Amino acid sequence: MEDRAGDAPDDGTVPIDRRGFVRAWGVAGALAVTGCCVPAAAAEESDEELNEIWTNVLAALPDNWGKWGDDDELGALNYLDDEQAFRGIQTALRGEPSGLEVFALQLSYTGEAVTGGDPTGDPVFPTRQPARRDNVVDHRHYQNGAAEPLRGGMRFSDDAFITRLFLQGSTQYDALAHVWYERPTEDGGREPLLYNGYPAETTAAGTEYDVGIPGLRPPNPLEEPFSTDLREEEITKTWGPSKGDILHAAEAGSVGRGVLLDVGRYKVDEPPYRLDPGECVTLDDLKATAEAQGTALEKRDIVLIRTGSIERARDPDAEKTWLGDPDEPLREPGLCFSQDLVEFVADMEFPVLGADNLAVEKLTTAEIDVEEDINEDVRAKVDFDGRETLEIVNPLHPALITNLGVTLCEILDLSALAESCAEDGIYEFLYAAAPLKIEGGAGAPVNPVVVKATGPGCAEGSDPMEE
């Protein structure tokens, strides 16, 4: 059964606790976390005219709609065929059998909240909270007689997450249903559409369950979308995307030739080689980094970008966390929008772009120069109403996900991989990953695994960027 998102919880629910709520993705209000709070971005009024201008720009950029058929829900992951898997395997087997290193790129869950200043913890977007697990049963329960050994004497521990586990609150893949925008239609109207032209209402398909399970929900989920004022209720219905959910990426998997572009090491002369909060990574930066590393970017590569941002969140000695200044939260380095960058990704047929930050692209607001960042062909199609710059939140998400069907992998831990690449000068490897198989997910945790050649015969000990 499918319908539009809609019904508030039934009456008679039990209030749990009020923590406030956040009103918007791009403009975060205050969000309280136990014992601390995440700084709030300054509120901004919606600019309908600006939104129309920018969505007209997006509609004029390259897209892959219909490239793999009108029913496609996989997007650019279609590029990862058997040949690409073989290319990745060949990359890993370039040296001796004993010269292989394996890196798991998921950032661990600690449950700690990063709040500014110098603590370490789990970096998450302000509308989300860190996930915390707890034991359901352990040695204490056997000690006090609450649990008995199984027949044969075996005892065991068990655990569960006892806070919300946000599916995009750790190293994760974005589903193609994660973002969308209103595109102009032939009749002069506008329609909110996902990748491949699926209607936005498909993000709110209902699923009903025969057996109810105790759970927590806000009392008014449609009025307070990011509320943390949760109430206990029996969960018999949920909502999620019926088109472009994360299950497609999970079932297909992502296997191919991966490339690390260590932009932090290229642009910063001294350890720990981290870009400043709010620093742009441009297309020229990517190309220059690849050249400095001696790395050839090839069609259908899986590209991972290191900025050093997530490392800052886990470094107790860092002067600033990933949040940057308290008055300007989420000032992370990352990719900055340009039409040339989007067209480069499209031409190179990159299926996955990953980075060690919250969004792959720079947060927060991007200032886009109409003359420099947008090319003449698109400028000729769009009326900019005399504006020379546009301030846009997350401009690359719809350009890459909605238009091109590119999978974004965020919050990667690239520190150990980057150290190995710098030591032996090898920045390409076999990349293999699949997010959790979650039906109806707008994203899901993922633990990518890299198999990298190193050792004798693989240029061991050379770092082209230091020569």
# chains A, B, ... in the order shown; residues from 1 in each chain; ligands from 1

$ select_by_dssp --residues "region 65-170 of chain A" --states "helix (DSSP H, G or I)" --output "PyMOL selection string"
chain A and resi 75-79+82-92+139-143

$ closest_residue --among "A:Asn56, A:Asn135, A:Asp285, A:Gly308" --to "Gly188 (chain A)" --atoms "only C-alpha atoms"
A:Asn56

$ closest_residue --among "A:Glu423, A:Glu343, A:Glu101, A:Glu201" --to "Asn403 (chain A)" --atoms "only C-alpha atoms"
A:Glu343

$ residues_around --residues "region 296-305 of chain A" --least-positions-apart "4" --cutoff "6 Å" --atoms "only C-alpha atoms" --output "VMD selection string"
chain A and resid 257 to 261 348 to 350 352 to 355

$ write_last_selection --atoms "C-alpha atoms" --output "short mmCIF file (atom, residue, chain, number, x, y, z; two decimals), in the first residue's frame"
data_model
loop_
_atom_site.label_atom_id
_atom_site.label_comp_id
_atom_site.auth_asym_id
_atom_site.auth_seq_id
_atom_site.Cartn_x
_atom_site.Cartn_y
_atom_site.Cartn_z
CA ARG A 257 39.13 1.37 -9.71
CA GLY A 258 39.29 3.86 -6.88
CA VAL A 259 41.50 6.95 -6.80
CA LEU A 260 42.44 9.09 -3.81
CA LEU A 261 42.93 12.80 -4.49
CA MET A 348 34.27 11.23 -16.97
CA GLU A 349 31.25 9.10 -16.01
CA PHE A 350 32.28 8.97 -12.35
CA VAL A 352 30.77 7.55 -6.98
CA LEU A 353 32.27 10.67 -5.45
CA GLY A 354 33.38 10.39 -1.81
CA ALA A 355 35.02 12.72 0.66
#

$ residues_around --residues "Glu83 (chain A)" --least-positions-apart "5" --cutoff "10 Å" --atoms "only C-alpha atoms" --output "ChimeraX atom specification"
/A:88-89,255-256

$ atom_distance --atom1 "CA of Ala444 (chain A)" --atom2 "CA of Pro241 (chain A)"
13.1 Å

$ closest_residue --among "A:Asp317, A:Glu372, A:Asp269, A:Glu251" --to "Leu77 (chain A)" --atoms "only C-alpha atoms"
A:Glu251

$ closest_residue --among "A:Leu100, A:Val378, A:Val268, A:Ile246" --to "Thr407 (chain A)" --atoms "only C-alpha atoms"
A:Ile246

$ residues_around --residues "Ala76 (chain A)" --least-positions-apart "3" --cutoff "6 Å" --atoms "only C-alpha atoms" --output "list in words"
Tyr79, Pro351, Gly405 and Val406 of chain A

$ write_last_selection --atoms "C-alpha atoms" --output "PDB file, in the first residue's frame"
ATOM      1  CA  TYR A  79      28.729   2.486 -15.156  1.00  0.00           C
ATOM      2  CA  PRO A 351      29.785   6.664 -10.570  1.00  0.00           C
ATOM      3  CA  GLY A 405      22.504   9.994 -10.641  1.00  0.00           C
ATOM      4  CA  VAL A 406      25.957  10.089  -9.027  1.00  0.00           C
TER       5      VAL A 406
END

$ atom_distance --atom1 "CA of Gly441 (chain A)" --atom2 "CA of His248 (chain A)"
10.0 Å

$ residues_around --residues "Pro97 (chain A)" --least-positions-apart "6" --cutoff "10 Å" --atoms "only C-alpha atoms" --output "number ranges by chain"
A: 453-455

$ write_last_selection --atoms "C-alpha atoms" --output "PDB file, in the first residue's frame"
ATOM      1  CA  ALA A 453      49.120  -2.496  -3.799  1.00  0.00           C
ATOM      2  CA  THR A 454      52.282  -1.515  -1.935  1.00  0.00           C
ATOM      3  CA  GLY A 455      55.775  -2.846  -1.279  1.00  0.00           C
TER       4      GLY A 455
END

$ residues_around --residues "Glu371 (chain A)" --least-positions-apart "4" --cutoff "9 Å" --atoms "only C-alpha atoms" --output "list of chain:residue names"
A:Asn375, A:Glu376, A:Arg379, A:Glu388, A:Thr389

$ select_by_dssp --residues "region 271-448 of chain A" --states "strand (DSSP E or B)" --output "ChimeraX atom specification"
/A:280-281,302-306,332,334-335,352-355,361,363,365-369,389-393,407-410,412,428-433,443-445

$ write_last_selection --atoms "C-alpha atoms" --output "short mmCIF file (atom, residue, chain, number, x, y, z; two decimals), in the first residue's frame"
data_model
loop_
_atom_site.label_atom_id
_atom_site.label_comp_id
_atom_site.auth_asym_id
_atom_site.auth_seq_id
_atom_site.Cartn_x
_atom_site.Cartn_y
_atom_site.Cartn_z
CA CYS A 280 36.95 25.57 -1.67
CA VAL A 281 38.11 22.56 -3.63
CA ILE A 302 35.53 6.03 -8.09
CA VAL A 303 37.02 9.28 -6.78
CA LEU A 304 37.73 9.89 -3.08
CA ILE A 305 38.72 13.40 -1.97
CA ARG A 306 40.68 14.05 1.21
CA GLU A 332 33.85 22.61 6.22
CA GLY A 334 34.85 20.67 0.19
CA LEU A 335 33.98 20.80 -3.48
CA VAL A 352 30.77 7.55 -6.98
CA LEU A 353 32.27 10.67 -5.45
CA GLY A 354 33.38 10.39 -1.81
CA ALA A 355 35.02 12.72 0.66
CA GLU A 361 30.74 19.69 -1.24
CA LEU A 363 29.37 23.73 3.75
CA THR A 365 26.32 28.56 1.85
CA ALA A 366 28.13 28.69 -1.48
CA GLU A 367 28.59 32.00 -3.27
CA ILE A 368 28.35 31.32 -6.98
CA ASP A 369 29.74 33.88 -9.42
CA THR A 389 26.30 36.26 -7.47
CA LEU A 390 23.98 33.62 -6.08
CA GLU A 391 24.10 32.33 -2.49
CA ILE A 392 23.02 28.68 -2.65
CA VAL A 393 22.99 25.90 -0.06
CA THR A 407 26.25 8.37 -5.64
CA LEU A 408 27.81 10.58 -2.96
CA CYS A 409 29.70 8.90 -0.11
CA GLU A 410 30.17 11.19 2.87
CA LEU A 412 34.85 8.87 5.00
CA GLU A 428 44.87 4.04 -7.02
CA PHE A 429 43.32 0.81 -5.69
CA LEU A 430 40.46 -1.64 -5.75
CA TYR A 431 37.37 -0.07 -4.18
CA ALA A 432 34.48 -2.27 -3.03
CA ALA A 433 31.44 -1.15 -1.06
CA GLY A 443 20.61 6.71 2.55
CA ALA A 444 22.43 4.07 4.54
CA PRO A 445 25.67 3.46 6.45
#
